[in-house]
file start-v3.pdb (PDB, C-alpha atoms and all ligand atoms)
ATOM      1  CA  MET A  12     -17.240  -8.486   1.232
ATOM      2  CA  GLU A  13     -19.613  -6.158  -0.614
ATOM      3  CA  TYR A  14     -17.279  -4.982  -3.332
ATOM      4  CA  THR A  15     -19.880  -3.458  -5.615
ATOM      5  CA  SER A  16     -20.623  -0.500  -3.341
ATOM      6  CA  ILE A  17     -17.009  -0.134  -2.190
ATOM      7  CA  ARG A  18     -15.799   0.037  -5.788
ATOM      8  CA  LYS A  19     -18.558   2.508  -6.637
ATOM      9  CA  ASN A  20     -17.500   4.738  -3.735
ATOM     10  CA  PHE A  21     -13.865   4.744  -4.835
ATOM     11  CA  GLU A  22     -14.877   5.435  -8.432
ATOM     12  CA  LYS A  23     -16.979   8.416  -7.273
ATOM     13  CA  HIS A  24     -13.761   9.677  -5.634
ATOM     14  CA  GLY A  25     -11.787   9.582  -8.882
ATOM     15  CA  PHE A  26     -10.133   6.162  -8.611
ATOM     16  CA  SER A  27     -10.450   3.393 -11.139
ATOM     17  CA  THR A  28     -10.852  -0.062  -9.620
ATOM     18  CA  GLN A  29     -10.246  -3.712 -10.396
ATOM     19  CA  LEU A  30     -11.236  -6.790  -8.442
ATOM     20  CA  PHE A  31      -9.455 -10.135  -8.481
ATOM     21  CA  ARG A  32     -10.050 -13.317  -6.517
ATOM     22  CA  THR A  33      -6.399 -14.072  -5.887
ATOM     23  CA  LYS A  34      -3.035 -12.345  -5.636
ATOM     24  CA  GLU A  35      -1.838 -14.367  -8.626
ATOM     25  CA  GLU A  36      -4.615 -12.935 -10.801
ATOM     26  CA  ALA A  37      -3.763  -9.416  -9.635
ATOM     27  CA  ARG A  38      -0.075 -10.005 -10.329
ATOM     28  CA  ASP A  39      -0.822 -11.334 -13.831
ATOM     29  CA  TYR A  40      -2.963  -8.273 -14.547
ATOM     30  CA  LEU A  41      -0.114  -5.892 -13.667
ATOM     31  CA  VAL A  42       2.392  -7.976 -15.652
ATOM     32  CA  GLU A  43       0.049  -7.800 -18.626
ATOM     33  CA  ILE A  44      -0.383  -4.023 -18.614
ATOM     34  CA  LEU A  45       3.123  -2.834 -17.589
ATOM     35  CA  HIS A  46       6.007  -3.035 -20.065
ATOM     36  CA  ASN A  47       9.181  -0.982 -20.524
ATOM     37  CA  GLN A  48       8.409   1.231 -17.552
ATOM     38  CA  THR A  49      10.389   2.472 -14.598
ATOM     39  CA  ILE A  50       8.332   1.429 -11.611
ATOM     40  CA  GLY A  51       8.791   2.485  -7.993
ATOM     41  CA  PHE A  52       7.549   0.249  -5.181
ATOM     42  CA  GLY A  53       6.467   1.347  -1.734
ATOM     43  CA  GLY A  54       7.349  -0.693   1.327
ATOM     44  CA  SER A  55       4.718  -3.408   1.293
ATOM     45  CA  VAL A  56       4.373  -6.974   2.502
ATOM     46  CA  THR A  57       1.472  -7.325   0.057
ATOM     47  CA  LEU A  58       3.795  -6.794  -2.926
ATOM     48  CA  LEU A  59       6.282  -9.209  -1.368
ATOM     49  CA  GLU A  60       3.630 -11.903  -0.946
ATOM     50  CA  MET A  61       2.552 -11.433  -4.575
ATOM     51  CA  GLY A  62       6.067 -11.961  -5.924
ATOM     52  CA  LEU A  63       5.388  -8.795  -7.876
ATOM     53  CA  TYR A  64       8.954  -7.473  -7.965
ATOM     54  CA  GLU A  65      10.271 -10.615  -9.651
ATOM     55  CA  ALA A  66       7.316 -10.759 -12.068
ATOM     56  CA  LEU A  67       7.510  -7.115 -13.191
ATOM     57  CA  GLN A  68      11.298  -7.025 -13.303
ATOM     58  CA  GLN A  69      11.170  -9.263 -16.412
ATOM     59  CA  ASN A  70       9.891  -6.431 -18.637
ATOM     60  CA  ASN A  71      10.451  -3.278 -16.568
ATOM     61  CA  ALA A  72      12.993  -1.543 -14.351
ATOM     62  CA  VAL A  73      11.639  -1.879 -10.818
ATOM     63  CA  VAL A  74      13.103   0.219  -8.010
ATOM     64  CA  TRP A  75      12.437  -1.094  -4.499
ATOM     65  CA  HIS A  76      14.225  -0.299  -1.270
ATOM     66  CA  ASN A  77      13.250  -3.763   0.039
ATOM     67  CA  LYS A  78      15.841  -5.144  -2.358
ATOM     68  CA  VAL A  79      18.491  -2.469  -1.799
ATOM     69  CA  PRO A  80      17.642  -0.714   1.473
ATOM     70  CA  SER A  81      18.734   2.919   1.324
ATOM     71  CA  ARG A  82      17.436   6.439   1.266
ATOM     72  CA  ASP A  83      18.863   6.906  -2.250
ATOM     73  CA  VAL A  84      16.830   3.982  -3.595
ATOM     74  CA  ARG A  85      13.726   5.516  -2.041
ATOM     75  CA  ARG A  86      14.588   8.756  -3.880
ATOM     76  CA  MET A  87      15.050   6.869  -7.158
ATOM     77  CA  ALA A  88      11.665   5.205  -6.720
ATOM     78  CA  GLY A  89      10.327   8.721  -6.255
ATOM     79  CA  CYS A  90      11.330   9.572  -9.837
ATOM     80  CA  ALA A  91       9.338   6.739 -11.412
ATOM     81  CA  ASN A  92       6.226   7.475 -13.468
ATOM     82  CA  ILE A  93       4.533   4.382 -12.130
ATOM     83  CA  TYR A  94       4.273   3.697  -8.412
ATOM     84  CA  ILE A  95       2.852   0.549  -6.823
ATOM     85  CA  THR A  96       2.087   0.129  -3.168
ATOM     86  CA  SER A  97      -0.562  -1.187  -0.828
ATOM     87  CA  ALA A  98      -2.390   0.671   1.925
ATOM     88  CA  ASN A  99      -2.451   0.240   5.678
ATOM     89  CA  ALA A 100      -6.226   0.617   5.518
ATOM     90  CA  VAL A 101      -9.005   1.778   3.225
ATOM     91  CA  THR A 102     -12.564   2.726   4.103
ATOM     92  CA  GLU A 103     -15.755   1.393   2.587
ATOM     93  CA  ALA A 104     -16.586   5.008   1.738
ATOM     94  CA  GLY A 105     -13.552   5.265  -0.561
ATOM     95  CA  GLN A 106     -10.570   6.668   1.400
ATOM     96  CA  ILE A 107      -6.992   5.439   1.764
ATOM     97  CA  VAL A 108      -5.061   5.722   5.038
ATOM     98  CA  ASN A 109      -1.326   5.195   5.407
ATOM     99  CA  ILE A 110       1.204   5.755   8.172
ATOM    100  CA  ASP A 111       4.898   6.080   7.318
ATOM    101  CA  GLY A 112       8.090   6.466   9.242
ATOM    102  CA  THR A 113      10.295   7.689   6.378
ATOM    103  CA  GLY A 114       7.562   9.351   4.353
ATOM    104  CA  ASN A 115       8.504   8.064   0.905
ATOM    105  CA  ARG A 116       5.250   6.186   0.390
ATOM    106  CA  VAL A 117       2.945   8.912   1.639
ATOM    107  CA  ALA A 118       4.844  11.432  -0.513
ATOM    108  CA  MET A 119       4.587   9.332  -3.659
ATOM    109  CA  THR A 120       0.918   8.571  -3.191
ATOM    110  CA  SER A 121       0.235  12.293  -2.777
ATOM    111  CA  PHE A 122       2.405  13.766  -5.546
ATOM    112  CA  GLY A 123       4.860  12.529  -8.138
ATOM    113  CA  PRO A 124       3.992   9.586 -10.346
ATOM    114  CA  GLN A 125       1.658   9.747 -13.337
ATOM    115  CA  THR A 126      -0.003   6.571 -12.198
ATOM    116  CA  CYS A 127      -0.309   4.977  -8.782
ATOM    117  CA  TYR A 128      -1.611   1.448  -8.223
ATOM    118  CA  TYR A 129      -2.720   0.261  -4.800
ATOM    119  CA  VAL A 130      -3.044  -3.477  -4.227
ATOM    120  CA  VAL A 131      -5.525  -3.938  -1.397
ATOM    121  CA  GLY A 132      -6.335  -7.263   0.282
ATOM    122  CA  ARG A 133      -9.736  -7.688   1.919
ATOM    123  CA  ASN A 134      -8.146  -7.480   5.393
ATOM    124  CA  LYS A 135      -7.400  -3.780   4.738
ATOM    125  CA  ILE A 136     -11.022  -2.754   4.250
ATOM    126  CA  THR A 137     -12.572  -1.010   7.264
ATOM    127  CA  PRO A 138     -16.055   0.451   7.822
ATOM    128  CA  ASN A 139     -14.990   4.052   8.475
ATOM    129  CA  LEU A 140     -12.103   6.468   8.994
ATOM    130  CA  ASP A 141     -11.810   5.918  12.770
ATOM    131  CA  GLU A 142     -11.513   2.182  12.260
ATOM    132  CA  ALA A 143      -9.036   2.712   9.429
ATOM    133  CA  VAL A 144      -6.731   4.817  11.620
ATOM    134  CA  PHE A 145      -7.186   2.320  14.450
ATOM    135  CA  ARG A 146      -6.171  -0.483  12.093
ATOM    136  CA  CYS A 147      -3.092   1.419  10.899
ATOM    137  CA  ARG A 148      -1.900   2.009  14.460
ATOM    138  CA  ASN A 149      -2.942  -1.201  16.191
ATOM    139  CA  VAL A 150      -2.708  -3.843  13.475
ATOM    140  CA  ALA A 151      -0.433  -2.738  10.636
ATOM    141  CA  ALA A 152       2.188  -0.720  12.512
ATOM    142  CA  PRO A 153       2.949  -3.245  15.298
ATOM    143  CA  GLN A 154       3.428  -6.019  12.734
ATOM    144  CA  ASN A 155       5.594  -3.808  10.547
ATOM    145  CA  ALA A 156       7.611  -2.694  13.581
ATOM    146  CA  ARG A 157       8.156  -6.331  14.530
ATOM    147  CA  ARG A 158       9.129  -7.209  10.934
ATOM    148  CA  ILE A 159      11.913  -4.624  10.906
ATOM    149  CA  ASN A 160      12.989  -5.324  14.523
ATOM    150  CA  ALA A 161      12.126  -1.812  15.653
ATOM    151  CA  LYS A 162      12.832  -1.164  19.313
ATOM    152  CA  THR A 163       9.297  -0.097  20.075
ATOM    153  CA  PRO A 164       6.815  -1.365  22.669
ATOM    154  CA  CYS A 165       4.418  -2.529  19.952
ATOM    155  CA  ALA A 166       7.130  -4.663  18.351
ATOM    156  CA  ILE A 167       8.241  -6.118  21.680
ATOM    157  CA  ASN A 168       4.725  -6.913  22.911
ATOM    158  CA  GLY A 169       3.173  -7.438  19.471
ATOM    159  CA  ASP A 170      -0.305  -6.422  20.569
ATOM    160  CA  LYS A 171      -1.228  -2.762  20.114
ATOM    161  CA  CYS A 172       0.012   0.801  19.707
ATOM    162  CA  TYR A 173       1.470   2.480  22.809
ATOM    163  CA  ASP A 174       1.748   5.898  21.134
ATOM    164  CA  CYS A 175       5.420   5.627  21.939
ATOM    165  CA  ASN A 176       8.129   8.240  21.794
ATOM    166  CA  SER A 177      10.809   5.722  20.886
ATOM    167  CA  PRO A 178      13.618   6.789  18.542
ATOM    168  CA  GLY A 179      12.530   3.825  16.409
ATOM    169  CA  ARG A 180       8.897   4.930  16.214
ATOM    170  CA  ILE A 181       7.642   4.067  12.719
ATOM    171  CA  CYS A 182       4.431   6.122  12.975
ATOM    172  CA  ARG A 183       5.484   9.629  12.012
ATOM    173  CA  ILE A 184       3.281  10.744   9.126
ATOM    174  CA  THR A 185      -0.359   9.824   8.598
ATOM    175  CA  THR A 186      -2.167  10.550   5.346
ATOM    176  CA  VAL A 187      -5.805  10.254   4.410
ATOM    177  CA  ILE A 188      -6.401  10.342   0.672
ATOM    178  CA  ASP A 189     -10.020  11.396   0.264
ATOM    179  CA  ARG A 190      -9.960  11.779  -3.503
ATOM    180  CA  ALA A 191      -7.477  10.779  -6.192
ATOM    181  CA  PRO A 192      -4.898  13.620  -6.257
ATOM    182  CA  MET A 193      -5.304  16.037  -9.178
ATOM    183  CA  GLY A 194      -3.192  15.036 -12.172
ATOM    184  CA  MET A 195      -2.528  11.478 -10.970
ATOM    185  CA  ASN A 196      -4.179   8.323 -12.315
ATOM    186  CA  CYS A 197      -4.970   6.116  -9.332
ATOM    187  CA  GLU A 198      -6.201   2.561  -9.487
ATOM    188  CA  ILE A 199      -7.269   0.390  -6.585
ATOM    189  CA  ILE A 200      -6.700  -3.291  -7.267
ATOM    190  CA  PHE A 201      -8.828  -5.182  -4.758
ATOM    191  CA  VAL A 202      -7.890  -8.778  -4.039
ATOM    192  CA  ASP A 203     -10.457 -10.911  -2.257
ATOM    193  CA  GLU A 204      -7.994 -12.544   0.099
ATOM    194  CA  ALA A 205      -5.950 -11.426   3.089
ATOM    195  CA  LEU A 206      -2.705  -9.804   1.971
ATOM    196  CA  GLY A 207       0.043  -8.100   3.946
ATOM    197  CA  PHE A 208      -0.432  -6.310   7.240
TER
HETATM  198  S1  LIG B   1       3.390   4.834  17.738
HETATM  199 FE1  LIG B   1       5.051   3.532  18.537
HETATM  200  S2  LIG B   1       3.967   1.950  19.718
HETATM  201 FE2  LIG B   1       2.458   2.910  18.382
HETATM  202  S3  LIG B   1       2.400   1.563  16.592
HETATM  203 FE3  LIG B   1       3.787   3.279  16.144
HETATM  204  S4  LIG B   1       5.813   2.511  16.670
HETATM  205 FE4  LIG B   1       4.319   1.156  17.648
END
call {"tool": "encode", "arguments": {"input": "start-v3.pdb", "output": "structure tokens"}}
result
Amino acid sequence: MEYTSIRKNFEKHGFSTQLFRTKEEARDYLVEILHNQTIGFGGSVTLLEMGLYEALQQNNAVVWHNKVPSRDVRRMAGCANIYITSANAVTEAGQIVNIDGTGNRVAMTSFGPQTCYYVVGRNKITPNLDEAVFRCRNVAAPQNARRINAKTPCAINGDKCYDCNSPGRICRITTVIDRAPMGMNCEIIFVDEALGF
């Protein structure tokens, strides 16, 4: 993966960047810099695989609906000054693409926290915006739908998006973040291994 140019592109778009070889190194970095904070987490298998909740909970108050699933917990996470999530896809040109069902993650990455950290495994990096949206719909969403036992054709067949109209459809809001939102510090933490969906 050619991280030098990808990082440069994100930095031109107002993001700071870090690069780590492993998820453990990325986790240790966040543990090192975050103390006595209220931290909201977005729904993310990446964060789960990193053991980040348990690691940060030692010195911070971490709010994550994965631990206590409810709309209220999502709202509480929305009040945190620090927000940590992953992305369904990013582009080599420096854009972030996410698809949500509830909308808490796309809201928080657009407006709210002072600082937003994205942890991005190499499997999330795509050449361009079309491929990023394709990845969100045909790779990330079917696996996420299957993970939560959604009654959707992608979860049942596990192969691709059917652009369904199921009540359980998890693809309801798509965001493309072209530049770091005004007034928000955004950092992309690249990890040179496959992480999450
Ligand atoms: S639109 Fe429906 S079929 Fe397509 S990925 Fe989303 S939930 Fe699955």
call {"tool": "residues_near_ligand", "arguments": {"input": "start-v3.pdb", "ligand": "ligand LIG 1 (chain B)", "cutoff": "9 Å", "atoms": "only C-alpha atoms and all ligand atoms", "output": "MDAnalysis selection string"}}
result
chainID A and resid 110 112 147:157 161:166 169 171:177 179:183
call {"tool": "closest_residue", "arguments": {"input": "start-v3.pdb", "among": "A:Asn196, A:Thr57, A:Thr113, A:Thr15", "to": "Glu35 (chain A)", "atoms": "all atoms listed in the file"}}
result
A:Thr57
call {"tool": "resolve_selection", "arguments": {"input": "start-v3.pdb", "expression": "the PyMOL selection byres (((chain A and resi 123) around 12) and not hetatm)", "output": "list in words"}}
result
Gly51, Arg86, Met87, Ala88, Gly89, Cys90, Ala91, Asn92, Ile93, Tyr94, Asn115, Arg116, Val117, Ala118, Met119, Thr120, Ser121, Phe122, Pro124, Gln125, Thr126, Cys127, Pro192, Met193, Gly194, Met195, Asn196 and Cys197 of chain A
call {"tool": "closest_residue", "arguments": {"input": "start-v3.pdb", "among": "A:Asn70, A:Asp111, A:Pro178, A:Val130", "to": "Phe31 (chain A)", "atoms": "all atoms listed in the file"}}
result
A:Val130
call {"tool": "atom_distance", "arguments": {"input": "start-v3.pdb", "atom1": "CA of Val144 (chain A)", "atom2": "CA of Thr96 (chain A)"}}
result
17.8 Å
call {"tool": "closest_residue", "arguments": {"input": "start-v3.pdb", "among": "A:Thr102, A:Ser27, A:Gln69, A:Asn20", "to": "Asn139 (chain A)", "atoms": "only C-alpha atoms"}}
result
A:Thr102
call {"tool": "resolve_selection", "arguments": {"input": "start-v3.pdb", "expression": "the PyMOL selection byres (((chain A and resi 106) around 9) and not hetatm)", "output": "number ranges by chain"}}
result
A: 20-21, 24, 100-105, 107-108, 139-140, 187-190
call {"tool": "atom_distance", "arguments": {"input": "start-v3.pdb", "atom1": "CA of Asn109 (chain A)", "atom2": "CA of Asn71 (chain A)"}}
result
26.3 Å
call {"tool": "resolve_selection", "arguments": {"input": "start-v3.pdb", "expression": "the PyMOL selection byres (((chain A and resi 199) around 7) and not hetatm)", "output": "ChimeraX atom specification"}}
result
/A:26-29,128-131,197-198,200-201
call {"tool": "closest_residue", "arguments": {"input": "start-v3.pdb", "among": "A:Asn47, A:Glu65, A:Ala191, A:Lys135", "to": "Gly25 (chain A)", "atoms": "all atoms listed in the file"}}
result
A:Ala191
call {"tool": "axis_aligned_box", "arguments": {"input": "start-v3.pdb", "around": "region 140-151 of chain A", "padding_each_side": "4 Å", "output": "JSON"}}
result
{"center_x": -6.3, "center_y": 1.3, "center_z": 12.6, "size_x": 19.7, "size_y": 18.3, "size_z": 15.2}
call {"tool": "closest_residue", "arguments": {"input": "start-v3.pdb", "among": "A:Ile136, A:Phe145, A:Thr49, A:Gly207", "to": "Arg18 (chain A)", "atoms": "only C-alpha atoms"}}
result
A:Ile136
call {"tool": "atom_distance", "arguments": {"input": "start-v3.pdb", "atom1": "CA of Phe52 (chain A)", "atom2": "CA of Asn160 (chain A)"}}
result
21.2 Å
call {"tool": "closest_residue", "arguments": {"input": "start-v3.pdb", "among": "A:Arg133, A:His76, A:Lys34, A:Arg146", "to": "Tyr14 (chain A)", "atoms": "all atoms listed in the file"}}
result
A:Arg133
call {"tool": "decode", "arguments": {"input": "start-v3.pdb", "residues": "region 28-62 of chain A", "atoms": "N, CA and C atoms", "output": "PDB file, in the first residue's frame"}}
result
ATOM      1  N   THR A  28      -2.841  12.629  10.061  1.00  0.00           N
ATOM      2  CA  THR A  28      -2.781  11.185   9.833  1.00  0.00           C
ATOM      3  C   THR A  28      -1.689  10.546  10.691  1.00  0.00           C
ATOM      4  N   GLN A  29      -1.895   9.283  10.960  1.00  0.00           N
ATOM      5  CA  GLN A  29      -0.896   8.436  11.617  1.00  0.00           C
ATOM      6  C   GLN A  29      -0.876   7.125  10.849  1.00  0.00           C
ATOM      7  N   LEU A  30       0.214   6.417  10.938  1.00  0.00           N
ATOM      8  CA  LEU A  30       0.300   5.096  10.318  1.00  0.00           C
ATOM      9  C   LEU A  30       0.958   4.126  11.291  1.00  0.00           C
ATOM     10  N   PHE A  31       0.295   3.000  11.502  1.00  0.00           N
ATOM     11  CA  PHE A  31       0.846   1.960  12.374  1.00  0.00           C
ATOM     12  C   PHE A  31       0.832   0.634  11.634  1.00  0.00           C
ATOM     13  N   ARG A  32       1.757  -0.245  12.021  1.00  0.00           N
ATOM     14  CA  ARG A  32       1.825  -1.558  11.372  1.00  0.00           C
ATOM     15  C   ARG A  32       0.724  -2.478  11.867  1.00  0.00           C
ATOM     16  N   THR A  33       0.379  -2.361  13.140  1.00  0.00           N
ATOM     17  CA  THR A  33      -0.570  -3.310  13.716  1.00  0.00           C
ATOM     18  C   THR A  33      -1.654  -2.590  14.507  1.00  0.00           C
ATOM     19  N   LYS A  34      -2.743  -3.320  14.755  1.00  0.00           N
ATOM     20  CA  LYS A  34      -3.844  -2.749  15.541  1.00  0.00           C
ATOM     21  C   LYS A  34      -3.419  -2.512  16.988  1.00  0.00           C
ATOM     22  N   GLU A  35      -2.476  -3.325  17.469  1.00  0.00           N
ATOM     23  CA  GLU A  35      -2.003  -3.135  18.846  1.00  0.00           C
ATOM     24  C   GLU A  35      -1.249  -1.809  18.971  1.00  0.00           C
ATOM     25  N   GLU A  36      -0.446  -1.497  17.964  1.00  0.00           N
ATOM     26  CA  GLU A  36       0.288  -0.216  17.996  1.00  0.00           C
ATOM     27  C   GLU A  36      -0.688   0.958  17.947  1.00  0.00           C
ATOM     28  N   ALA A  37      -1.715   0.819  17.117  1.00  0.00           N
ATOM     29  CA  ALA A  37      -2.715   1.903  17.018  1.00  0.00           C
ATOM     30  C   ALA A  37      -3.469   2.047  18.339  1.00  0.00           C
ATOM     31  N   ARG A  38      -3.807   0.923  18.933  1.00  0.00           N
ATOM     32  CA  ARG A  38      -4.510   0.967  20.232  1.00  0.00           C
ATOM     33  C   ARG A  38      -3.631   1.636  21.288  1.00  0.00           C
ATOM     34  N   ASP A  39      -2.343   1.273  21.331  1.00  0.00           N
ATOM     35  CA  ASP A  39      -1.448   1.846  22.339  1.00  0.00           C
ATOM     36  C   ASP A  39      -1.294   3.359  22.138  1.00  0.00           C
ATOM     37  N   TYR A  40      -1.288   3.778  20.885  1.00  0.00           N
ATOM     38  CA  TYR A  40      -1.202   5.217  20.596  1.00  0.00           C
ATOM     39  C   TYR A  40      -2.403   5.963  21.191  1.00  0.00           C
ATOM     40  N   LEU A  41      -3.611   5.425  20.971  1.00  0.00           N
ATOM     41  CA  LEU A  41      -4.804   6.106  21.486  1.00  0.00           C
ATOM     42  C   LEU A  41      -4.841   6.066  23.016  1.00  0.00           C
ATOM     43  N   VAL A  42      -4.400   4.952  23.589  1.00  0.00           N
ATOM     44  CA  VAL A  42      -4.347   4.861  25.064  1.00  0.00           C
ATOM     45  C   VAL A  42      -3.378   5.903  25.617  1.00  0.00           C
ATOM     46  N   GLU A  43      -2.307   6.102  24.915  1.00  0.00           N
ATOM     47  CA  GLU A  43      -1.273   7.060  25.342  1.00  0.00           C
ATOM     48  C   GLU A  43      -1.788   8.507  25.327  1.00  0.00           C
ATOM     49  N   ILE A  44      -2.559   8.849  24.313  1.00  0.00           N
ATOM     50  CA  ILE A  44      -2.930  10.271  24.163  1.00  0.00           C
ATOM     51  C   ILE A  44      -4.267  10.627  24.816  1.00  0.00           C
ATOM     52  N   LEU A  45      -5.103   9.632  25.172  1.00  0.00           N
ATOM     53  CA  LEU A  45      -6.438   9.955  25.696  1.00  0.00           C
ATOM     54  C   LEU A  45      -6.552   9.594  27.181  1.00  0.00           C
ATOM     55  N   HIS A  46      -6.757  10.624  27.993  1.00  0.00           N
ATOM     56  CA  HIS A  46      -6.937  10.439  29.438  1.00  0.00           C
ATOM     57  C   HIS A  46      -8.063  11.335  29.905  1.00  0.00           C
ATOM     58  N   ASN A  47      -8.840  10.864  30.868  1.00  0.00           N
ATOM     59  CA  ASN A  47      -9.871  11.679  31.527  1.00  0.00           C
ATOM     60  C   ASN A  47     -10.815  12.345  30.536  1.00  0.00           C
ATOM     61  N   GLN A  48     -11.192  11.604  29.522  1.00  0.00           N
ATOM     62  CA  GLN A  48     -12.085  12.138  28.491  1.00  0.00           C
ATOM     63  C   GLN A  48     -13.388  11.329  28.467  1.00  0.00           C
ATOM     64  N   THR A  49     -14.443  11.970  27.991  1.00  0.00           N
ATOM     65  CA  THR A  49     -15.633  11.200  27.644  1.00  0.00           C
ATOM     66  C   THR A  49     -15.540  10.930  26.148  1.00  0.00           C
ATOM     67  N   ILE A  50     -15.583   9.641  25.814  1.00  0.00           N
ATOM     68  CA  ILE A  50     -15.323   9.242  24.433  1.00  0.00           C
ATOM     69  C   ILE A  50     -16.520   8.467  23.899  1.00  0.00           C
ATOM     70  N   GLY A  51     -17.044   8.881  22.775  1.00  0.00           N
ATOM     71  CA  GLY A  51     -18.114   8.142  22.106  1.00  0.00           C
ATOM     72  C   GLY A  51     -17.515   7.236  21.045  1.00  0.00           C
ATOM     73  N   PHE A  52     -18.081   6.042  20.905  1.00  0.00           N
ATOM     74  CA  PHE A  52     -17.643   5.108  19.864  1.00  0.00           C
ATOM     75  C   PHE A  52     -18.757   4.945  18.839  1.00  0.00           C
ATOM     76  N   GLY A  53     -18.377   4.864  17.582  1.00  0.00           N
ATOM     77  CA  GLY A  53     -19.332   4.468  16.548  1.00  0.00           C
ATOM     78  C   GLY A  53     -19.384   2.952  16.445  1.00  0.00           C
ATOM     79  N   GLY A  54     -20.439   2.445  15.831  1.00  0.00           N
ATOM     80  CA  GLY A  54     -20.518   1.003  15.602  1.00  0.00           C
ATOM     81  C   GLY A  54     -19.369   0.588  14.697  1.00  0.00           C
ATOM     82  N   SER A  55     -18.533  -0.338  15.164  1.00  0.00           N
ATOM     83  CA  SER A  55     -17.343  -0.647  14.379  1.00  0.00           C
ATOM     84  C   SER A  55     -16.739  -1.976  14.815  1.00  0.00           C
ATOM     85  N   VAL A  56     -16.601  -2.880  13.865  1.00  0.00           N
ATOM     86  CA  VAL A  56     -15.929  -4.147  14.146  1.00  0.00           C
ATOM     87  C   VAL A  56     -14.434  -3.908  14.328  1.00  0.00           C
ATOM     88  N   THR A  57     -13.911  -2.898  13.638  1.00  0.00           N
ATOM     89  CA  THR A  57     -12.495  -2.534  13.797  1.00  0.00           C
ATOM     90  C   THR A  57     -12.174  -2.251  15.264  1.00  0.00           C
ATOM     91  N   LEU A  58     -12.986  -1.421  15.909  1.00  0.00           N
ATOM     92  CA  LEU A  58     -12.722  -1.060  17.310  1.00  0.00           C
ATOM     93  C   LEU A  58     -12.840  -2.286  18.201  1.00  0.00           C
ATOM     94  N   LEU A  59     -13.803  -3.158  17.852  1.00  0.00           N
ATOM     95  CA  LEU A  59     -13.983  -4.409  18.591  1.00  0.00           C
ATOM     96  C   LEU A  59     -12.725  -5.272  18.480  1.00  0.00           C
ATOM     97  N   GLU A  60     -12.227  -5.427  17.270  1.00  0.00           N
ATOM     98  CA  GLU A  60     -11.050  -6.274  17.045  1.00  0.00           C
ATOM     99  C   GLU A  60      -9.801  -5.709  17.738  1.00  0.00           C
ATOM    100  N   MET A  61      -9.778  -4.389  17.924  1.00  0.00           N
ATOM    101  CA  MET A  61      -8.623  -3.769  18.590  1.00  0.00           C
ATOM    102  C   MET A  61      -8.672  -3.917  20.101  1.00  0.00           C
ATOM    103  N   GLY A  62      -9.829  -4.283  20.647  1.00  0.00           N
ATOM    104  CA  GLY A  62      -9.981  -4.278  22.104  1.00  0.00           C
ATOM    105  C   GLY A  62      -9.893  -2.866  22.653  1.00  0.00           C
TER     106      GLY A  62
END
